[in-house]
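To start, the structure under review is shown below, and the notes come after it.
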Amino acid sequence: MKGIKSILALITLALAVAAFVKGSVTMLAPMLLSLGLFMAVLGIEERGEMRRKKGGVIFLVSALIILTSVYIF
């Protein structure tokens, strides 16, 4: 789980930096999708550590981010 979280964080960071350098918003949807997946993994990890309330909130936020990125596509 830690490896997946690290990979998704690096993908999100790379897409954000690329969008900033290019000055383009075309990278916004993939960046939001990778951010949402990162948050989903984080929420699943938090629920596994018996922090159910915090994990649930993080998971709901990730669902909202993923829906937003799908709407932008």
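In the structure tokens, the first chain shown is A, the next is B, and so on; residue numbers restart at 1 for each chain, and ligands run from 1 in the order shown.
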
Test item: residues at most 9 Å from segment 22-32 of chain A, only C-alpha atoms, excluding those fewer than 6 positions along its chain, as a VMD selection string:
chain A and resid 11 to 16 65 to 66 68 to 73

Long-range neighbours of segment 51-58 of chain A as a VMD selection string, 8 Å cut-off, only C-alpha atoms, 6 positions minimum in chain
chain A and resid 39 to 40 42 to 45

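Among the candidates A:Leu10, A:Leu67, A:Met50, A:Val17, the residue lying nearest to Gly36 of chain A is A:Leu67 (atoms considered: only C-alpha atoms).
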
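Minimum distance to Ser62 of chain A across A:Leu37, A:Gly48, A:Ala18, A:Lys2 (counting only C-alpha atoms) occurs at A:Leu37.
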
Could you give me, as a ChimeraX atom specification, the residues within 8 Å of Lys5 of chain A, counting only C-alpha atoms and dropping anything in the same chain fewer than 2 positions from it?
/A:1-3,7-9,38,41-42
